[in-house]
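Note: the block below is run10.txt and it holds compact mmCIF, C-alpha atoms and all ligand atoms.
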# COMPACT_ATOMS: atom_id res chain seq x y z
CA MET A 1 4.54 19.35 -11.05
CA SER A 2 3.09 19.97 -14.50
CA LEU A 3 1.65 16.46 -14.86
CA GLY A 4 -1.97 16.78 -15.97
CA PRO A 5 -4.91 14.38 -16.39
CA GLU A 6 -4.23 13.90 -20.13
CA LYS A 7 -0.65 12.70 -19.69
CA LEU A 8 -1.59 10.54 -16.70
CA GLY A 9 -4.54 9.12 -18.63
CA GLU A 10 -2.32 8.27 -21.60
CA ALA A 11 0.26 6.51 -19.43
CA LEU A 12 -2.45 4.52 -17.65
CA GLU A 13 -4.06 3.64 -20.99
CA GLN A 14 -0.73 2.34 -22.32
CA ALA A 15 -0.38 0.14 -19.25
CA GLY A 16 -3.97 -1.13 -19.71
CA LEU A 17 -5.01 0.43 -16.38
CA LEU A 18 -7.11 3.46 -17.29
CA ALA A 19 -10.40 1.55 -17.22
CA TYR A 20 -10.05 1.05 -13.44
CA PHE A 21 -10.49 4.80 -12.79
CA PRO A 22 -14.01 6.28 -12.71
CA PRO A 23 -14.60 9.49 -14.68
CA GLY A 24 -13.12 12.52 -12.93
CA SER A 25 -11.03 10.50 -10.47
CA LEU A 26 -7.67 11.36 -12.05
CA GLU A 27 -8.22 15.02 -11.21
CA GLY A 28 -8.58 14.22 -7.50
CA LEU A 29 -5.52 11.97 -7.62
CA LEU A 30 -3.46 14.74 -9.23
CA ARG A 31 -4.63 17.31 -6.66
CA PHE A 32 -3.52 14.90 -3.90
CA THR A 33 -0.14 14.36 -5.59
CA HIS A 34 0.40 18.04 -6.28
CA ARG A 35 -0.24 19.00 -2.66
CA MET A 36 2.03 16.20 -1.45
CA LEU A 37 4.88 17.51 -3.62
CA GLN A 38 4.30 21.06 -2.34
CA ILE A 39 4.54 19.86 1.27
CA ASN A 40 7.57 17.75 0.32
CA GLU A 41 9.53 20.96 -0.23
CA SER A 42 9.59 21.53 3.54
CA LEU A 43 8.93 18.03 4.93
CA ASN A 44 10.72 14.98 3.58
CA LEU A 45 8.00 12.67 2.24
CA THR A 46 9.41 11.29 -1.02
CA LYS A 47 12.58 11.31 -3.09
CA TRP A 48 10.60 11.08 -6.38
CA THR A 49 9.69 14.63 -7.36
CA GLY A 50 10.09 15.01 -11.15
CA ASP A 51 7.00 14.48 -13.34
CA GLU A 52 8.31 11.26 -14.90
CA GLU A 53 9.45 9.89 -11.53
CA VAL A 54 6.15 10.66 -9.87
CA LEU A 55 4.25 9.15 -12.79
CA THR A 56 6.32 5.96 -12.82
CA HIS A 57 7.20 5.30 -9.20
CA HIS A 58 4.06 6.51 -7.47
CA LEU A 59 1.12 6.57 -9.87
CA LEU A 60 1.79 3.71 -12.32
CA ASP A 61 3.54 1.46 -9.81
CA SER A 62 0.61 1.74 -7.39
CA ALA A 63 -1.95 1.24 -10.18
CA HIS A 64 -0.47 -2.08 -11.25
CA ALA A 65 -2.26 -3.74 -8.34
CA LEU A 66 -5.73 -2.59 -9.42
CA PRO A 67 -6.57 -5.59 -11.68
CA PHE A 68 -5.83 -7.96 -8.78
CA LEU A 69 -7.69 -5.91 -6.19
CA LYS A 70 -10.79 -5.45 -8.34
CA PRO A 71 -12.61 -8.67 -7.27
CA TRP A 72 -12.09 -7.80 -3.58
CA VAL A 73 -13.23 -4.20 -3.60
CA GLU A 74 -16.64 -4.11 -5.27
CA SER A 75 -18.56 -3.54 -2.02
CA PRO A 76 -17.92 -0.80 0.56
CA ARG A 77 -15.07 -2.41 2.43
CA ARG A 78 -12.30 -1.19 4.69
CA TRP A 79 -8.73 -1.26 3.41
CA LEU A 80 -5.52 0.06 4.99
CA ASP A 81 -2.30 1.41 3.46
CA LEU A 82 0.31 0.31 6.02
CA GLY A 83 3.38 2.59 6.15
CA THR A 84 1.83 4.96 3.64
CA GLY A 85 4.63 7.60 3.85
CA CYS A 86 3.73 10.09 1.11
CA GLY A 87 0.35 8.41 0.56
CA PHE A 88 1.13 5.67 -1.97
CA PRO A 89 -0.19 3.18 -2.94
CA GLY A 90 -3.24 4.22 -0.85
CA ALA A 91 -4.13 7.34 -2.86
CA VAL A 92 -4.45 5.33 -6.07
CA LEU A 93 -6.88 2.91 -4.39
CA ILE A 94 -8.97 5.81 -3.11
CA ALA A 95 -9.15 7.30 -6.63
CA ALA A 96 -9.93 4.03 -8.40
CA PHE A 97 -12.40 2.48 -5.98
CA PRO A 98 -14.66 5.13 -4.40
CA PRO A 99 -16.82 2.60 -2.47
CA LEU A 100 -13.75 1.59 -0.46
CA GLN A 101 -12.81 3.24 2.79
CA VAL A 102 -9.01 3.39 2.66
CA THR A 103 -7.17 4.36 5.86
CA LEU A 104 -3.65 5.79 5.49
CA LEU A 105 -1.49 4.50 8.39
CA ASP A 106 1.96 5.73 9.33
CA SER A 107 3.92 5.81 12.58
CA VAL A 108 5.13 9.36 11.93
CA ALA A 109 2.57 11.99 12.95
CA LYS A 110 4.09 14.69 10.73
CA LYS A 111 3.44 12.45 7.71
CA THR A 112 -0.19 11.63 8.57
CA GLY A 113 -0.72 15.33 9.34
CA ALA A 114 0.58 16.24 5.87
CA LEU A 115 -1.61 13.55 4.31
CA GLU A 116 -4.73 15.06 5.96
CA ASP A 117 -3.92 18.19 4.02
CA CYS A 118 -3.45 16.23 0.75
CA LEU A 119 -6.72 14.32 1.24
CA GLN A 120 -8.54 17.58 1.75
CA ALA A 121 -6.95 19.04 -1.40
CA ALA A 122 -8.19 15.99 -3.34
CA GLY A 123 -11.69 16.35 -1.91
CA TRP A 124 -11.58 12.86 -0.36
CA ASN A 125 -12.84 12.03 3.13
CA SER A 126 -10.58 9.03 3.78
CA PRO A 127 -9.18 8.71 7.31
CA THR A 128 -5.56 8.71 8.43
CA LEU A 129 -4.22 6.82 11.44
CA THR A 130 -1.01 7.55 13.33
CA GLY A 131 0.71 4.64 15.05
CA ARG A 132 2.97 1.68 14.61
CA ALA A 133 1.40 -1.30 12.87
CA GLU A 134 2.35 -3.47 15.86
CA GLU A 135 0.36 -1.22 18.22
CA VAL A 136 -2.62 -0.98 15.89
CA GLY A 137 -2.54 -4.78 15.58
CA ARG A 138 -2.43 -5.32 19.35
CA ASN A 139 -5.19 -2.81 20.11
CA PRO A 140 -8.49 -4.77 20.42
CA SER A 141 -10.46 -1.92 18.84
CA THR A 142 -8.43 -2.00 15.61
CA ARG A 143 -7.11 -5.60 15.50
CA GLU A 144 -8.67 -7.85 12.81
CA SER A 145 -10.86 -5.06 11.49
CA TRP A 146 -9.76 -4.49 7.87
CA ASP A 147 -10.74 -6.41 4.73
CA GLY A 148 -7.48 -5.62 2.98
CA VAL A 149 -4.02 -4.20 3.59
CA VAL A 150 -1.61 -2.79 0.99
CA VAL A 151 2.09 -2.41 1.77
CA ARG A 152 4.88 -0.92 -0.33
CA ALA A 153 8.51 -0.35 0.68
CA VAL A 154 8.04 -0.75 4.43
CA ALA A 155 10.03 -3.86 5.49
CA GLU A 156 11.01 -7.34 4.34
CA PHE A 157 8.17 -9.73 3.63
CA ARG A 158 8.24 -11.69 6.92
CA VAL A 159 8.04 -8.42 8.86
CA VAL A 160 5.29 -7.12 6.59
CA LEU A 161 3.32 -10.28 7.34
CA GLU A 162 3.58 -9.81 11.10
CA TYR A 163 2.62 -6.13 10.76
CA GLY A 164 -0.25 -6.68 8.34
CA ILE A 165 -1.96 -10.04 8.90
CA PRO A 166 -3.15 -9.26 12.49
CA LEU A 167 -4.96 -6.21 11.11
CA LEU A 168 -7.03 -8.31 8.70
CA LYS A 169 -10.34 -10.04 9.24
CA THR A 170 -10.25 -13.76 8.45
CA GLY A 171 -10.60 -14.11 4.67
CA GLY A 172 -8.99 -10.70 4.13
CA HIS A 173 -6.10 -9.99 1.76
CA LEU A 174 -2.67 -8.40 1.99
CA VAL A 175 -0.86 -7.10 -1.09
CA ASN A 176 2.89 -6.40 -0.92
CA TRP A 177 4.81 -4.62 -3.72
CA MET A 178 8.28 -6.06 -4.29
CA THR A 179 11.49 -5.64 -6.25
CA ASP A 180 13.44 -8.70 -7.46
CA ASP A 181 15.67 -8.58 -4.37
CA GLN A 182 12.73 -8.48 -2.00
CA LEU A 183 11.11 -11.40 -3.81
CA LYS A 184 14.17 -13.56 -3.07
CA VAL A 185 13.34 -13.68 0.65
CA VAL A 186 9.76 -14.82 0.04
CA ASP A 187 11.10 -18.40 0.04
CA LYS A 188 11.99 -17.91 3.72
CA SER A 189 8.47 -16.88 4.70
CA GLY A 190 6.99 -20.37 5.31
CA PRO A 191 7.20 -20.21 9.13
CA ALA A 192 5.75 -16.68 9.23
CA LEU A 193 2.85 -17.63 6.94
CA GLN A 194 2.13 -20.69 9.07
CA ALA A 195 2.34 -18.84 12.41
CA LEU A 196 -0.03 -16.19 11.07
CA HIS A 197 -2.48 -18.65 9.43
CA SER A 198 -2.12 -17.24 5.96
CA GLU A 199 -1.00 -18.29 2.49
CA ILE A 200 0.32 -16.74 -0.70
CA VAL A 201 -2.47 -16.94 -3.30
CA LYS A 202 -0.63 -15.28 -6.19
CA ILE A 203 2.65 -13.70 -7.24
CA ALA A 204 2.12 -11.37 -10.21
CA ASP A 205 4.98 -9.88 -12.24
CA TYR A 206 4.89 -6.54 -13.97
CA SER A 207 7.29 -3.92 -15.31
CA LEU A 208 7.33 -0.14 -15.46
CA PRO A 209 8.07 1.89 -18.61
CA LEU A 210 11.71 2.93 -18.93
CA LEU A 211 12.83 0.85 -15.96
CA ASN A 212 14.79 -2.22 -16.77
CA GLN A 213 13.66 -4.26 -13.76
CA LYS A 214 10.91 -6.70 -12.99
CA ARG A 215 8.50 -5.87 -10.17
CA HIS A 216 6.21 -8.19 -8.29
CA LEU A 217 2.99 -8.15 -6.32
CA VAL A 218 2.62 -10.81 -3.68
CA LEU A 219 -1.00 -11.49 -2.72
CA VAL A 220 -1.71 -13.17 0.60
CA GLU A 221 -4.98 -14.47 2.08
CA LYS A 222 -5.66 -14.74 5.81
CA LEU A 223 -7.08 -18.20 6.48
CA GLY A 224 -7.80 -18.05 10.22
CA LYS A 225 -7.68 -15.85 13.32
CA THR A 226 -4.28 -14.54 14.40
CA PRO A 227 -2.92 -16.12 17.61
CA PRO A 228 -2.88 -13.54 20.46
CA THR A 229 0.94 -13.56 20.59
CA TYR A 230 1.10 -11.66 17.27
CA PRO A 231 2.10 -9.05 16.45
CA ARG A 232 4.87 -9.03 19.02
CA PRO A 233 5.50 -5.64 20.72
CA ALA A 234 6.79 -2.71 18.64
CA GLY A 235 10.27 -3.26 17.26
CA GLN A 236 10.41 -7.02 17.77
CA PRO A 237 9.06 -8.14 14.36
CA SER A 238 11.82 -6.30 12.51
CA LYS A 239 14.56 -7.30 14.99
CA ARG A 240 13.72 -11.00 14.89
CA PRO A 241 11.54 -11.79 11.86
CA LEU A 242 9.37 -14.89 12.25
N1 LIG A 301 4.48 3.24 1.16
C1 LIG A 301 5.23 4.43 0.82
C2 LIG A 301 6.26 4.81 1.89
C3 LIG A 301 7.36 3.85 2.15
S1 LIG A 301 8.54 4.45 3.34
C4 LIG A 301 5.85 4.29 -0.55
O1 LIG A 301 5.85 3.20 -1.10
O2 LIG A 301 6.33 5.28 -1.09
C5 LIG A 301 8.03 3.50 4.74
C6 LIG A 301 7.02 4.19 5.62
O3 LIG A 301 6.57 3.25 6.57
C7 LIG A 301 7.60 5.36 6.41
O4 LIG A 301 6.79 6.50 6.21
C8 LIG A 301 7.59 4.89 7.86
O5 LIG A 301 7.31 5.94 8.77
C9 LIG A 301 6.48 3.84 7.84
N2 LIG A 301 6.65 2.75 8.83
C10 LIG A 301 7.77 2.00 9.03
N3 LIG A 301 7.54 1.08 9.99
C11 LIG A 301 6.25 1.23 10.40
C12 LIG A 301 5.44 0.57 11.37
N4 LIG A 301 5.91 -0.41 12.13
N5 LIG A 301 4.16 0.99 11.52
C13 LIG A 301 3.67 2.03 10.76
N6 LIG A 301 4.41 2.67 9.84
C14 LIG A 301 5.68 2.29 9.65

Take the structure from the file and write it as structure tokens.
Ligand code: SAH
Amino acid sequence: MSLGPEKLGEALEQAGLLAYFPPGSLEGLLRFTHRMLQINESLNLTKWTGDEEVLTHHLLDSAHALPFLKPWVESPRRWLDLGTGCGFPGAVLIAAFPPLQVTLLDSVAKKTGALEDCLQAAGWNSPTLTGRAEEVGRNPSTRESWDGVVVRAVAEFRVVLEYGIPLLKTGGHLVNWMTDDQLKVVDKSGPALQALHSEIVKIADYSLPLLNQKRHLVLVEKLGKTPPTYPRPAGQPSKRPL
């Protein structure tokens, strides 16, 4: 990857997002990304490997949530990137909001192991967590313990809700990145939102340079405690969405 801080800074500036990054933070983000792409040569983490692809699909796409997250992340709070894969969108939150503690969660130990390496390369001390969201949500020591959860490209919205809402404290927020197709099923999410005592507070549209598609961010607030029946055991949420 030859992508440097100047080119990344320019692209973020054009999207109106550069101001969310503190001085020097782009360098850490690029060290993380560079290490991830090195590891990707031997371990399959991402299909986006060219400079433009990485810039668009990982860095800019993740950064589009920053304006909406800003009011929720001013104090040192705990956020979680659920199904982080190659570390996005979590890495962009870590770079932009240093007071946040952002945990990178994935069910695949090889991926979280690789991410430890990338975090170290960036000089960040954020934690990783290996496990399925359903197990983390059923474990009393981790259930209802995060202020926010970000989720991109993990499952359909109803499943994402059952994975993510039990991890949140009451009043916490979940942000789900979506394509047009994924947005279509949001209409079907009424029963899941009700069962999980949560509501959609905003749907924001955005687009990425050179891509002729609309993208969406769905922002959800948790209104009350999650009933003990949720999340159902591992595998059930995706087999039979609420
Ligand atoms: N968020 C990243 C990766 C998406 S791929 C991105 O946008 O690029 C989906 C990732 O979610 C995979 O790494 C997979 O291992 C993880 N995953 C899928 N189901 C999960 C679950 N139930 N709990 C935790 N991680 C899960």

Problem set entry | Surroundings of ligand LIG 301 (chain A) up to 9 Å, based on only C-alpha atoms and all ligand atoms, as a count of residues only | 45

Problem set entry | Å distance separating CA of Asp181 in chain A from CA of Ile203 in chain A, one decimal place |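 Taking CA of Asp181 in chain A as the start and CA of Ile203 in chain A as the end point, the length is 14.3 Å.
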
Could you give me, as a tab-separated table, a per-residue list for range 119-189 of chain A showing, wherever an atom lies at most 6 Å from an atom of range 210-230 of chain A, the closest pair of atoms and their distance in Å to one decimal, using only C-alpha atoms and sorting by chain then residue number from low to high?
residue	atom	partner	partner_atom	distance
A:Pro166	CA	A:Thr226	CA	5.7
A:Thr170	CA	A:Gly224	CA	5.2
A:Gly171	CA	A:Lys222	CA	5.1
A:Gly172	CA	A:Lys222	CA	5.5
A:His173	CA	A:Glu221	CA	4.6
A:Leu174	CA	A:Val220	CA	5.1
A:Val175	CA	A:Leu219	CA	4.7
A:Asn176	CA	A:Val218	CA	5.2
A:Trp177	CA	A:Leu217	CA	4.7
A:Met178	CA	A:His216	CA	5.0
A:Thr179	CA	A:Arg215	CA	4.9

Exercise. Between A:Tyr20, A:Phe32, A:Trp146, A:Trp124, which has the minimum distance to Glu74 in chain A (counting all atoms listed in the file)?
Worked result: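 Using all atoms listed in the file, the shortest distance to Glu74 in chain A belongs to A:Tyr20.
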
Problem set entry | Selection near Pro191 in chain A, 10 Å with only C-alpha atoms, sequence-local residues under 4 positions removed, as a list in words |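 With the cut-off at 10 Å, the set is Arg158, Ala195, Leu196, His197, Pro241 and Leu242 of chain A.
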
Seminar exercise, completed: From CA of Gln101 in chain A to CA of Glu116 in chain A the spacing works out at 14.7 Å

For this session: Could you check how far CA of Ser145 in chain A sits from CA of Lys169 in chain A, in Å to one decimal?
Result: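 Separation of CA of Ser145 in chain A and CA of Lys169 in chain A: 5.5 Å.
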
Exercise. Which one of A:Phe97, A:Glu53, A:Arg240, A:Leu12 sits closest to Glu156 in chain A if you count only C-alpha atoms?
Worked result: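 Closest residue, counting only C-alpha atoms: A:Arg240.
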
For this session: Pick out the closest residue to Pro98 in chain A from this set: A:Ser25, A:His34, A:Asp61, A:Gly9. Count only C-alpha atoms.
Result: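 Answer, going by the shortest atom-to-atom distance: A:Ser25.
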
For this session: Go ahead and find all residues with at least one atom no further than 7 Å from (-7.3, 4.2, 10.0) in the file's coordinates, using all atoms listed in the file; report them as number ranges by chain.
Result: A: 80, 103-105, 127-129

Problem set entry | Nearby residues (all atoms listed in the file) at most 12 Å from Asn125 in chain A, same-chain spacing under 4 positions excluded, as a list in words | Gly28, Ala91, Ile94, Ala95, Pro98, Pro99, Leu100, Gln101, Val102, Thr103, Leu104, Leu115, Glu116, Asp117, Cys118, Leu119, Gln120 and Ala121 of chain A
